[in-house]
>>> print(open('input-v4.tsv').read())   # TSV, C-alpha atoms and all ligand atoms
chain	number	residue	atom	x	y	z
G	1483	MET	CA	45.49	-60.81	62.25
G	1484	THR	CA	44.57	-58.62	59.27
G	1485	GLY	CA	42.46	-59.48	56.25
G	1486	ALA	CA	43.15	-58.81	52.57
G	1487	THR	CA	41.52	-55.43	53.03
G	1488	GLY	CA	44.14	-54.58	55.61
G	1489	LYS	CA	41.41	-53.59	58.08
G	1490	ILE	CA	40.85	-55.11	61.50
G	1491	ALA	CA	38.06	-54.99	64.06
G	1492	GLY	CA	38.88	-53.61	67.50
G	1493	ALA	CA	39.73	-56.37	70.02
G	1494	SER	CA	37.34	-55.03	72.64
G	1495	ASP	CA	34.41	-55.31	70.23
G	1496	ARG	CA	34.94	-58.95	69.35
G	1497	VAL	CA	33.97	-62.08	71.22
G	1498	VAL	CA	36.78	-64.32	72.46
G	1499	GLY	CA	38.39	-66.24	69.61
G	1500	GLN	CA	36.77	-64.23	66.83
G	1501	PRO	CA	39.31	-63.11	64.21
G	1502	ALA	CA	39.95	-59.40	63.78
G	1503	SER	CA	39.81	-59.75	60.00
G	1504	LEU	CA	36.88	-58.07	58.29
G	1505	ARG	CA	37.02	-60.59	55.43
G	1506	VAL	CA	33.83	-62.56	54.88
G	1507	ASN	CA	35.67	-65.87	54.41
G	1508	ASP	CA	37.65	-65.50	57.64
G	1509	GLN	CA	34.54	-64.68	59.67
G	1510	LEU	CA	32.54	-67.53	58.12
G	1511	ALA	CA	35.33	-70.06	58.75
G	1512	TRP	CA	35.55	-69.04	62.41
G	1513	ALA	CA	31.79	-69.06	62.94
G	1514	ALA	CA	31.23	-72.38	61.14
G	1515	GLY	CA	33.91	-74.00	63.32
G	1516	LEU	CA	32.36	-72.68	66.51
G	1517	LEU	CA	28.85	-73.72	65.50
G	1518	ARG	CA	30.06	-77.18	64.45
G	1519	GLU	CA	31.66	-77.66	67.87
G	1520	ALA	CA	28.37	-76.62	69.48
G	1521	GLY	CA	26.53	-79.38	67.62
G	1522	VAL	CA	24.63	-77.15	65.18
G	1523	SER	CA	23.62	-79.38	62.26
G	1524	SER	CA	24.25	-76.89	59.43
G	1525	PRO	CA	27.11	-74.71	60.77
G	1526	LEU	CA	28.25	-73.02	57.56
G	1527	VAL	CA	24.75	-72.29	56.32
G	1528	ASP	CA	23.79	-70.82	59.70
G	1529	ALA	CA	26.95	-68.71	59.72
G	1530	GLN	CA	26.08	-67.43	56.24
G	1531	TRP	CA	22.53	-66.52	57.30
G	1532	LEU	CA	23.83	-64.61	60.31
G	1533	LEU	CA	26.50	-62.74	58.37
G	1534	ALA	CA	24.06	-61.87	55.60
G	1535	HIS	CA	21.64	-60.66	58.28
G	1536	VAL	CA	24.15	-58.30	59.93
G	1537	ALA	CA	25.40	-57.12	56.52
G	1538	ASP	CA	21.75	-56.58	55.47
G	1539	ILE	CA	22.08	-58.47	52.20
G	1540	ASP	CA	20.61	-61.67	50.69
G	1541	ARG	CA	22.58	-64.79	51.65
G	1542	GLY	CA	23.32	-65.49	47.97
G	1543	ARG	CA	25.18	-62.18	47.70
G	1544	LEU	CA	27.79	-63.17	50.30
G	1545	VAL	CA	29.86	-64.80	47.52
G	1546	ILE	CA	30.48	-61.42	45.92
G	1547	LEU	CA	31.18	-59.67	49.21
G	1548	ASP	CA	34.84	-59.51	50.21
G	1549	SER	CA	34.58	-57.82	53.59
G	1550	VAL	CA	32.13	-56.31	56.07
G	1551	ASP	CA	32.48	-53.33	58.39
G	1552	THR	CA	33.58	-53.37	62.02
G	1553	GLU	CA	30.06	-52.94	63.40
G	1554	ALA	CA	28.87	-55.93	61.36
G	1555	VAL	CA	31.75	-58.06	62.66
G	1556	THR	CA	30.91	-57.12	66.25
G	1557	GLU	CA	27.22	-57.94	65.84
G	1558	PHE	CA	28.07	-61.11	63.94
G	1559	GLY	CA	30.27	-62.31	66.80
G	1560	ARG	CA	27.48	-61.71	69.27
G	1561	LEU	CA	24.90	-63.57	67.20
G	1562	VAL	CA	27.23	-66.50	66.53
G	1563	ARG	CA	27.80	-66.91	70.28
G	1564	VAL	CA	24.05	-66.92	70.90
G	1565	ARG	CA	23.51	-69.42	68.09
G	1566	ALA	CA	26.29	-71.60	69.54
G	1567	ALA	CA	24.22	-71.70	72.74
G	1568	ARG	CA	21.60	-73.34	70.47
G	1569	TYR	CA	19.21	-70.42	70.30
G	1570	PRO	CA	17.28	-70.87	67.03
G	1571	LEU	CA	18.70	-69.22	63.94
G	1572	GLN	CA	15.25	-68.04	62.84
G	1573	HIS	CA	14.72	-66.09	66.07
G	1574	LEU	CA	18.08	-64.37	65.58
G	1575	VAL	CA	17.32	-63.26	62.03
G	1576	GLY	CA	13.60	-62.74	62.81
G	1577	SER	CA	12.24	-64.81	59.95
G	1578	ALA	CA	11.91	-68.28	58.47
G	1579	ALA	CA	11.64	-69.31	54.84
G	1580	PHE	CA	8.82	-71.69	53.88
G	1581	ARG	CA	8.55	-72.64	50.21
G	1582	THR	CA	8.24	-69.29	48.40
G	1583	VAL	CA	7.26	-67.20	51.43
G	1584	GLU	CA	9.15	-65.49	54.25
G	1585	LEU	CA	7.50	-65.59	57.68
G	1586	GLN	CA	8.24	-63.44	60.70
G	1587	VAL	CA	8.85	-65.54	63.79
G	1588	GLY	CA	9.85	-64.97	67.40
G	1589	ASN	CA	8.81	-65.82	70.95
G	1590	GLY	CA	5.43	-67.50	71.19
G	1591	VAL	CA	5.24	-69.07	67.75
G	1592	PHE	CA	6.46	-72.36	66.30
G	1593	ILE	CA	9.25	-72.07	63.72
G	1594	PRO	CA	8.06	-73.66	60.46
G	1595	ARG	CA	10.10	-76.74	59.52
G	1596	PRO	CA	11.31	-77.79	56.06
G	1597	GLU	CA	9.56	-81.19	56.34
G	1598	THR	CA	6.17	-79.44	56.46
G	1599	GLU	CA	6.88	-78.15	52.95
G	1600	LEU	CA	6.13	-81.73	51.82
G	1601	LEU	CA	2.60	-81.47	53.23
G	1602	ALA	CA	2.19	-78.15	51.39
G	1603	GLU	CA	3.47	-79.75	48.19
G	1604	TRP	CA	0.96	-82.59	48.52
G	1605	ALA	CA	-1.88	-80.12	49.19
G	1606	ILE	CA	-0.99	-78.07	46.12
G	1607	SER	CA	-0.93	-81.22	44.01
G	1608	VAL	CA	-4.44	-82.35	45.08
G	1609	ALA	CA	-6.23	-79.00	45.55
G	1610	PRO	CA	-8.99	-78.13	43.08
G	1611	GLN	CA	-7.62	-75.74	40.47
G	1612	GLY	CA	-10.71	-73.52	40.57
G	1613	ASP	CA	-12.41	-71.73	43.47
G	1614	CYS	CA	-12.12	-73.80	46.62
G	1615	LEU	CA	-12.05	-73.59	50.41
G	1616	ILE	CA	-9.00	-74.88	52.28
G	1617	ALA	CA	-8.53	-74.94	56.05
G	1618	ASP	CA	-5.17	-74.91	57.83
G	1619	PHE	CA	-5.69	-76.40	61.30
G	1620	CYS	CA	-3.06	-75.40	63.91
G	1621	SER	CA	-1.77	-72.63	61.67
G	1622	GLY	CA	0.99	-71.18	63.91
G	1623	SER	CA	2.93	-68.60	61.89
G	1624	GLY	CA	0.61	-69.27	58.94
G	1625	ALA	CA	3.25	-71.17	56.95
G	1626	LEU	CA	0.81	-73.59	55.30
G	1627	ALA	CA	-2.10	-71.15	54.89
G	1628	ILE	CA	0.05	-68.42	53.39
G	1629	SER	CA	2.02	-70.66	51.06
G	1630	LEU	CA	-1.17	-72.37	49.82
G	1631	ALA	CA	-2.89	-69.01	49.26
G	1632	THR	CA	0.22	-67.83	47.40
G	1633	GLU	CA	0.50	-70.89	45.16
G	1634	LEU	CA	-3.24	-71.52	44.62
G	1635	PRO	CA	-4.55	-68.15	43.39
G	1636	ARG	CA	-8.25	-69.14	43.45
G	1637	ALA	CA	-8.27	-70.79	46.88
G	1638	ARG	CA	-9.79	-69.22	49.97
G	1639	LEU	CA	-7.98	-70.17	53.18
G	1640	VAL	CA	-9.15	-70.37	56.78
G	1641	ALA	CA	-6.22	-70.44	59.21
G	1642	VAL	CA	-7.25	-71.83	62.62
G	1643	GLU	CA	-5.06	-71.29	65.69
G	1644	GLU	CA	-5.72	-71.54	69.44
G	1645	SER	CA	-2.71	-69.81	71.01
G	1646	LEU	CA	-3.04	-66.03	71.38
G	1647	PRO	CA	0.72	-65.31	71.00
G	1648	ALA	CA	0.84	-67.47	67.85
G	1649	LEU	CA	-2.29	-65.72	66.57
G	1650	MET	CA	-0.46	-62.39	66.83
G	1651	TRP	CA	2.35	-63.69	64.57
G	1652	LEU	CA	-0.18	-65.30	62.22
G	1653	LYS	CA	-2.08	-62.03	61.75
G	1654	ARG	CA	1.17	-60.13	61.28
G	1655	ASN	CA	2.35	-62.58	58.60
G	1656	VAL	CA	-0.96	-62.52	56.75
G	1657	ALA	CA	-0.95	-58.70	56.83
G	1658	ALA	CA	2.56	-58.68	55.33
G	1659	GLN	CA	1.39	-60.50	52.19
G	1660	PRO	CA	0.25	-58.74	49.02
G	1661	ASP	CA	-3.50	-57.91	49.11
G	1662	SER	CA	-4.13	-60.55	46.45
G	1663	VAL	CA	-3.02	-63.19	48.98
G	1664	ALA	CA	-4.00	-61.63	52.33
G	1665	ASP	CA	-7.56	-60.91	51.16
G	1666	ARG	CA	-8.18	-64.63	50.66
G	1667	ILE	CA	-7.05	-65.69	54.16
G	1668	THR	CA	-9.36	-65.62	57.19
G	1669	VAL	CA	-7.64	-65.96	60.56
G	1670	VAL	CA	-9.70	-67.75	63.18
G	1671	HIS	CA	-9.12	-68.16	66.92
G	1672	ALA	CA	-10.44	-71.63	67.75
G	1673	ASP	CA	-9.56	-74.98	69.25
G	1674	VAL	CA	-9.42	-77.61	66.49
G	1675	THR	CA	-10.36	-80.37	68.92
G	1676	ARG	CA	-13.73	-78.73	69.64
G	1677	GLY	CA	-16.28	-79.08	66.88
G	1678	SER	CA	-18.48	-76.37	68.43
G	1679	ASP	CA	-15.58	-73.85	68.32
G	1680	VAL	CA	-14.68	-74.61	64.71
G	1681	ALA	CA	-18.34	-74.70	63.58
G	1682	LYS	CA	-18.62	-70.95	64.26
G	1683	TRP	CA	-16.27	-70.41	61.31
G	1684	LEU	CA	-16.47	-73.47	59.09
G	1685	GLY	CA	-19.77	-75.08	58.13
G	1686	ALA	CA	-20.32	-78.83	58.02
G	1687	SER	CA	-18.99	-80.34	54.76
G	1688	SER	CA	-17.63	-76.94	53.67
G	1689	CYS	CA	-13.94	-77.63	52.97
G	1690	ASP	CA	-12.42	-79.07	49.82
G	1691	LEU	CA	-9.13	-79.68	51.59
G	1692	ILE	CA	-7.75	-79.44	55.12
G	1693	VAL	CA	-4.11	-79.50	56.14
G	1694	ALA	CA	-2.99	-79.86	59.75
G	1695	ASN	CA	0.40	-79.73	61.39
G	1696	PRO	CA	-0.73	-80.12	65.01
G	1697	PRO	CA	1.45	-80.65	68.07
G	1698	TYR	CA	2.38	-84.35	67.89
G	1699	VAL	CA	5.58	-85.13	69.78
G	1700	PRO	CA	5.15	-87.66	72.64
G	1701	GLU	CA	5.86	-85.89	75.94
G	1702	ASP	CA	8.86	-87.94	77.03
G	1703	THR	CA	10.76	-87.41	73.75
G	1704	GLU	CA	14.21	-85.83	74.03
G	1705	VAL	CA	14.38	-82.90	71.64
G	1706	GLU	CA	17.18	-80.69	70.27
G	1707	PRO	CA	17.89	-77.58	72.40
G	1708	GLU	CA	16.38	-75.30	69.72
G	1709	VAL	CA	13.01	-77.05	70.08
G	1710	ASP	CA	12.84	-75.94	73.73
G	1711	ILE	CA	12.38	-72.39	72.45
G	1712	ASP	CA	9.23	-73.38	70.52
G	1713	PRO	CA	6.10	-73.08	72.68
G	1714	ALA	CA	5.53	-76.47	74.38
G	1715	GLU	CA	1.86	-76.44	73.34
G	1716	ALA	CA	2.97	-76.29	69.70
G	1717	VAL	CA	5.21	-79.35	70.01
G	1718	PHE	CA	4.04	-81.87	72.60
G	1719	ALA	CA	0.78	-83.80	72.57
G	1720	GLY	CA	0.36	-86.16	75.52
G	1721	VAL	CA	2.25	-89.33	76.28
G	1722	ASP	CA	1.54	-90.86	72.87
G	1723	GLY	CA	1.66	-87.74	70.68
G	1724	MET	CA	-2.02	-88.18	69.80
G	1725	SER	CA	-3.82	-85.93	72.28
G	1726	VAL	CA	-4.65	-83.31	69.62
G	1727	ILE	CA	-4.86	-85.56	66.53
G	1728	ASP	CA	-7.32	-87.98	68.16
G	1729	PRO	CA	-10.13	-85.48	68.83
G	1730	MET	CA	-9.20	-83.33	65.78
G	1731	VAL	CA	-10.02	-86.13	63.32
G	1732	SER	CA	-13.76	-85.96	64.21
G	1733	VAL	CA	-13.70	-82.22	63.53
G	1734	LEU	CA	-11.91	-82.79	60.23
G	1735	ALA	CA	-14.59	-85.31	59.25
G	1736	THR	CA	-17.33	-82.78	60.04
G	1737	VAL	CA	-15.98	-79.84	58.03
G	1738	CYS	CA	-14.54	-81.81	55.08
G	1739	LYS	CA	-16.92	-82.28	52.15
G	1740	ALA	CA	-17.47	-85.70	50.57
G	1741	GLY	CA	-14.59	-86.34	48.18
G	1742	GLY	CA	-12.52	-83.67	49.96
G	1743	GLN	CA	-9.11	-84.52	51.33
G	1744	VAL	CA	-7.21	-84.13	54.59
G	1745	GLY	CA	-3.47	-84.22	55.28
G	1746	ILE	CA	-2.10	-84.53	58.83
G	1747	GLU	CA	1.57	-84.24	59.76
G	1748	HIS	CA	2.54	-86.58	62.61
G	1749	ASP	CA	5.41	-87.97	64.64
G	1750	ASP	CA	7.47	-90.70	63.00
G	1751	THR	CA	6.32	-93.09	65.76
G	1752	THR	CA	2.59	-92.54	65.21
G	1753	ALA	CA	2.01	-93.35	61.52
G	1754	ASP	CA	-0.03	-96.45	62.39
G	1755	ALA	CA	-2.01	-94.70	65.12
G	1756	VAL	CA	-2.92	-91.80	62.82
G	1757	ALA	CA	-3.93	-94.16	59.99
G	1758	ALA	CA	-6.04	-96.19	62.42
G	1759	ARG	CA	-7.72	-93.05	63.77
G	1760	LEU	CA	-8.54	-91.87	60.24
G	1761	GLY	CA	-10.02	-95.31	59.55
G	1762	ASP	CA	-12.32	-95.20	62.62
G	1763	GLY	CA	-16.01	-95.31	61.72
G	1764	GLY	CA	-15.41	-95.49	57.98
G	1765	LEU	CA	-15.49	-91.70	57.55
G	1766	PHE	CA	-12.34	-91.60	55.43
G	1767	THR	CA	-11.05	-93.78	52.63
G	1768	GLY	CA	-7.80	-93.94	50.63
G	1769	ILE	CA	-5.74	-93.54	53.80
G	1770	ALA	CA	-2.09	-93.22	52.78
G	1771	GLY	CA	1.18	-92.65	54.62
G	1772	HIS	CA	3.88	-90.31	53.26
G	1773	ARG	CA	7.56	-90.24	54.19
G	1774	ASP	CA	9.93	-87.28	54.46
G	1775	LEU	CA	13.23	-86.94	52.58
G	1776	ALA	CA	15.00	-88.94	55.31
G	1777	GLY	CA	12.53	-91.80	54.78
G	1778	ARG	CA	10.66	-91.26	58.06
G	1779	PRO	CA	6.84	-91.51	58.15
G	1780	ARG	CA	5.78	-87.83	58.21
G	1781	PHE	CA	2.16	-87.27	57.18
G	1782	ALA	CA	-1.04	-89.13	56.44
G	1783	THR	CA	-3.68	-88.28	53.87
G	1784	ALA	CA	-7.24	-89.48	53.36
G	1785	THR	CA	-10.41	-88.73	51.40
G	1786	ARG	CA	-13.78	-88.06	53.07
G	1787	VAL	CA	-16.46	-90.53	52.06
G	1788	GLU	CA	-20.14	-89.63	51.46
G	1789	GLY	CA	-22.44	-89.33	54.45
I	1801	LIG	C1	3.54	-77.80	65.19
I	1801	LIG	S1	2.85	-76.18	65.28
I	1801	LIG	C2	2.51	-75.95	63.54
I	1801	LIG	C3	2.45	-74.53	63.10
I	1801	LIG	C4	2.35	-74.35	61.57
I	1801	LIG	N1	1.17	-74.98	61.04
I	1801	LIG	C5	3.58	-74.91	60.89
I	1801	LIG	O1	3.45	-75.91	60.17
I	1801	LIG	O2	4.66	-74.35	61.05
I	1801	LIG	C6	1.28	-76.50	66.01
I	1801	LIG	C7	0.38	-75.28	66.22
I	1801	LIG	O3	-0.88	-75.73	66.72
I	1801	LIG	C8	-1.35	-74.84	67.71
I	1801	LIG	N2	-2.31	-75.60	68.52
I	1801	LIG	C9	-2.05	-76.49	69.50
I	1801	LIG	N3	-3.19	-77.05	69.95
I	1801	LIG	C10	-4.20	-76.48	69.24
I	1801	LIG	C11	-5.61	-76.64	69.25
I	1801	LIG	N4	-6.21	-77.50	70.08
I	1801	LIG	N5	-6.35	-75.90	68.39
I	1801	LIG	C12	-5.74	-75.02	67.54
I	1801	LIG	N6	-4.41	-74.83	67.49
I	1801	LIG	C13	-3.64	-75.56	68.33
I	1801	LIG	C14	-0.10	-74.41	68.42
I	1801	LIG	O4	-0.30	-73.19	69.11
I	1801	LIG	C15	0.87	-74.27	67.23
I	1801	LIG	O5	0.82	-72.98	66.69
>>> encode(input="input-v4.tsv", output="structure tokens", more="lines below")
Ligand SMILES: C[S@@+](CC[C@H](N)C(=O)[O-])C[C@H]1O[C@@H](n2cnc3c(N)ncnc32)[C@H](O)[C@@H]1O
Amino acid sequence: MTGATGKIAGASDRVVGQPASLRVNDQLAWAAGLLREAGVSSPLVDAQWLLAHVADIDRGRLVILDSVDTEAVTEFGRLVRVRAARYPLQHLVGSAAFRTVELQVGNGVFIPRPETELLAEWAISVAPQGDCLIADFCSGSGALAISLATELPRARLVAVEESLPALMWLKRNVAAQPDSVADRITVVHADVTRGSDVAKWLGASSCDLIVANPPYVPEDTEVEPEVDIDPAEAVFAGVDGMSVIDPMVSVLATVCKAGGQVGIEHDDTTADAVAARLGDGGLFTGIAGHRDLAGRPRFATATRVEG
């Protein structure tokens, strides 16, 4: 089969079933079909990301690209096969988009999810406009800390993470930001369930706002194959999904100043449990649940009371 360009890729370089055509549309149609069959939820978009990656262009520019070279077709075929085996797209292209920022991701760090952008959006809407201190508990790649520092130019951020491999990605992502952003982010190695650990970095009643996207999936939950590539300690949290959130709430209450706010992402089965935990002991008020775009309970927010 030849494309409009009249050029073909060598048969030995292609994966089985991949067209020889170098035309972008032919390659995308083949890849989207294969990815759809494999159960990938956004087959055409994933195919576009992979082709843009091998062609070394922005995804938006694919529409003006008629064809790619033979080497790109070969590499594209390889990546599509790996993606069809449900290896995460973001690991194949080496990065993940989160609001306005691009984060490097790979083995050992959780891939930021689009639904967490809603927690970031909420945080930006309630954060003080002037100088303020914001903590990002369970920071992973730094998605929340970096996007908040980018969109709130007078905020100082403390990004707290326990896993050493994740910490490596977090530091790398912070270092990749412009100085005006990176200089306002402090990366901290600590366990957010241990007040004594966190207290070395954050004083009592010091934070205006704290966001947390902790591990929260109940252990027996069946997850998509891609999620198996995320570190288990970033995803699962005991039989009820609360093994990190439960102890973390006391630490949140300690470091959050009176009138300050907290936002915690959670499993769609634990909205009531998280609200109840935030209500324990009367430390928080204004406890509210927030849903994601699919209507599922996704995060809870609350305001620290005096005392
Ligand atoms: C669901 S991921 C969220 C990562 C990032 N905040 C995001 O939204 O993409 C949870 C993160 O919490 C970290 N983590 C798990 N338990 C922790 C603990 N006790 N203290 C600090 N970090 C923890 C994991 O290593 C992982 O990076």
>>> atom_distance(input="input-v4.tsv", atom1="atom N4 of ligand LIG 1801 (chain I)", atom2="atom CA of Asp1673 of chain G")
4.3 Å
>>> residues_near_ligand(input="input-v4.tsv", ligand="ligand LIG 1801 (chain I)", cutoff="7 Å", atoms="only C-alpha atoms and all ligand atoms", output="PyMOL selection string")
chain G and resi 1591-1595+1598+1619-1626+1642-1645+1648+1672-1675+1694-1697+1715-1717+1726
>>> write_last_selection(input="input-v4.tsv", atoms="C-alpha atoms", output="PDB file, in the frame of the given file")
ATOM      1  CA  VAL G1591       5.240 -69.070  67.750  1.00  0.00           C
ATOM      2  CA  PHE G1592       6.460 -72.360  66.300  1.00  0.00           C
ATOM      3  CA  ILE G1593       9.250 -72.070  63.720  1.00  0.00           C
ATOM      4  CA  PRO G1594       8.060 -73.660  60.460  1.00  0.00           C
ATOM      5  CA  ARG G1595      10.100 -76.740  59.520  1.00  0.00           C
ATOM      6  CA  THR G1598       6.170 -79.440  56.460  1.00  0.00           C
ATOM      7  CA  PHE G1619      -5.690 -76.400  61.300  1.00  0.00           C
ATOM      8  CA  CYS G1620      -3.060 -75.400  63.910  1.00  0.00           C
ATOM      9  CA  SER G1621      -1.770 -72.630  61.670  1.00  0.00           C
ATOM     10  CA  GLY G1622       0.990 -71.180  63.910  1.00  0.00           C
ATOM     11  CA  SER G1623       2.930 -68.600  61.890  1.00  0.00           C
ATOM     12  CA  GLY G1624       0.610 -69.270  58.940  1.00  0.00           C
ATOM     13  CA  ALA G1625       3.250 -71.170  56.950  1.00  0.00           C
ATOM     14  CA  LEU G1626       0.810 -73.590  55.300  1.00  0.00           C
ATOM     15  CA  VAL G1642      -7.250 -71.830  62.620  1.00  0.00           C
ATOM     16  CA  GLU G1643      -5.060 -71.290  65.690  1.00  0.00           C
ATOM     17  CA  GLU G1644      -5.720 -71.540  69.440  1.00  0.00           C
ATOM     18  CA  SER G1645      -2.710 -69.810  71.010  1.00  0.00           C
ATOM     19  CA  ALA G1648       0.840 -67.470  67.850  1.00  0.00           C
ATOM     20  CA  ALA G1672     -10.440 -71.630  67.750  1.00  0.00           C
ATOM     21  CA  ASP G1673      -9.560 -74.980  69.250  1.00  0.00           C
ATOM     22  CA  VAL G1674      -9.420 -77.610  66.490  1.00  0.00           C
ATOM     23  CA  THR G1675     -10.360 -80.370  68.920  1.00  0.00           C
ATOM     24  CA  ALA G1694      -2.990 -79.860  59.750  1.00  0.00           C
ATOM     25  CA  ASN G1695       0.400 -79.730  61.390  1.00  0.00           C
ATOM     26  CA  PRO G1696      -0.730 -80.120  65.010  1.00  0.00           C
ATOM     27  CA  PRO G1697       1.450 -80.650  68.070  1.00  0.00           C
ATOM     28  CA  GLU G1715       1.860 -76.440  73.340  1.00  0.00           C
ATOM     29  CA  ALA G1716       2.970 -76.290  69.700  1.00  0.00           C
ATOM     30  CA  VAL G1717       5.210 -79.350  70.010  1.00  0.00           C
ATOM     31  CA  VAL G1726      -4.650 -83.310  69.620  1.00  0.00           C
TER      32      VAL G1726
END
>>> atom_distance(input="input-v4.tsv", atom1="atom CA of Ser1607 of chain G", atom2="atom CA of Arg1666 of chain G")
19.3 Å
>>> closest_residue(input="input-v4.tsv", among="G:Glu1704, G:Glu1597, G:Glu1633, G:Asp1548", to="Gln1509 of chain G", atoms="all atoms listed in the file")
G:Asp1548
>>> atom_distance(input="input-v4.tsv", atom1="atom CA of Phe1580 of chain G", atom2="atom CA of Leu1601 of chain G")
11.6 Å
>>> residues_near_point(input="input-v4.tsv", point="(14.4, -87.1, 54.2)", cutoff="12 Å", atoms="all atoms listed in the file", output="list of chain:residue names")
G:Pro1596, G:Glu1597, G:Thr1598, G:Glu1599, G:Leu1600, G:Asp1750, G:His1772, G:Arg1773, G:Asp1774, G:Leu1775, G:Ala1776, G:Gly1777, G:Arg1778, G:Pro1779, G:Arg1780
>>> closest_residue(input="input-v4.tsv", among="G:His1748, G:His1671, G:Lys1739, G:Arg1638", to="Val1699 of chain G", atoms="all atoms listed in the file")
G:His1748
>>> closest_residue(input="input-v4.tsv", among="G:Val1555, G:Val1705, G:Leu1547, G:Ala1631", to="Asp1618 of chain G", atoms="all atoms listed in the file")
G:Ala1631
>>> closest_residue(input="input-v4.tsv", among="G:Thr1783, G:Ser1662, G:Gln1500, G:Gln1572", to="Ala1602 of chain G", atoms="all atoms listed in the file")
G:Thr1783
>>> residues_around(input="input-v4.tsv", residues="Val1575 of chain G", least_positions_apart="3", cutoff="7 Å", atoms="only C-alpha atoms", output="ChimeraX atom specification")
/G:1532,1535,1571-1572
>>> closest_residue(input="input-v4.tsv", among="G:Ala1782, G:Met1730, G:Met1650, G:Cys1738", to="Ala1755 of chain G", atoms="all atoms listed in the file")
G:Ala1782
>>> residues_around(input="input-v4.tsv", residues="Arg1759 of chain G", least_positions_apart="5", cutoff="9 Å", atoms="only C-alpha atoms", output="ChimeraX atom specification")
/G:1727-1728,1731,1754
>>> closest_residue(input="input-v4.tsv", among="G:Ala1664, G:Val1744, G:Ala1714, G:Ala1567", to="Leu1760 of chain G", atoms="all atoms listed in the file")
G:Val1744
>>> residues_around(input="input-v4.tsv", residues="segment 1516-1519 of chain G", least_positions_apart="4", cutoff="10 Å", atoms="all atoms listed in the file", output="VMD selection string")
chain G and resid 1499 to 1500 1510 to 1512 1523 to 1526 1528 to 1529 1562 to 1568
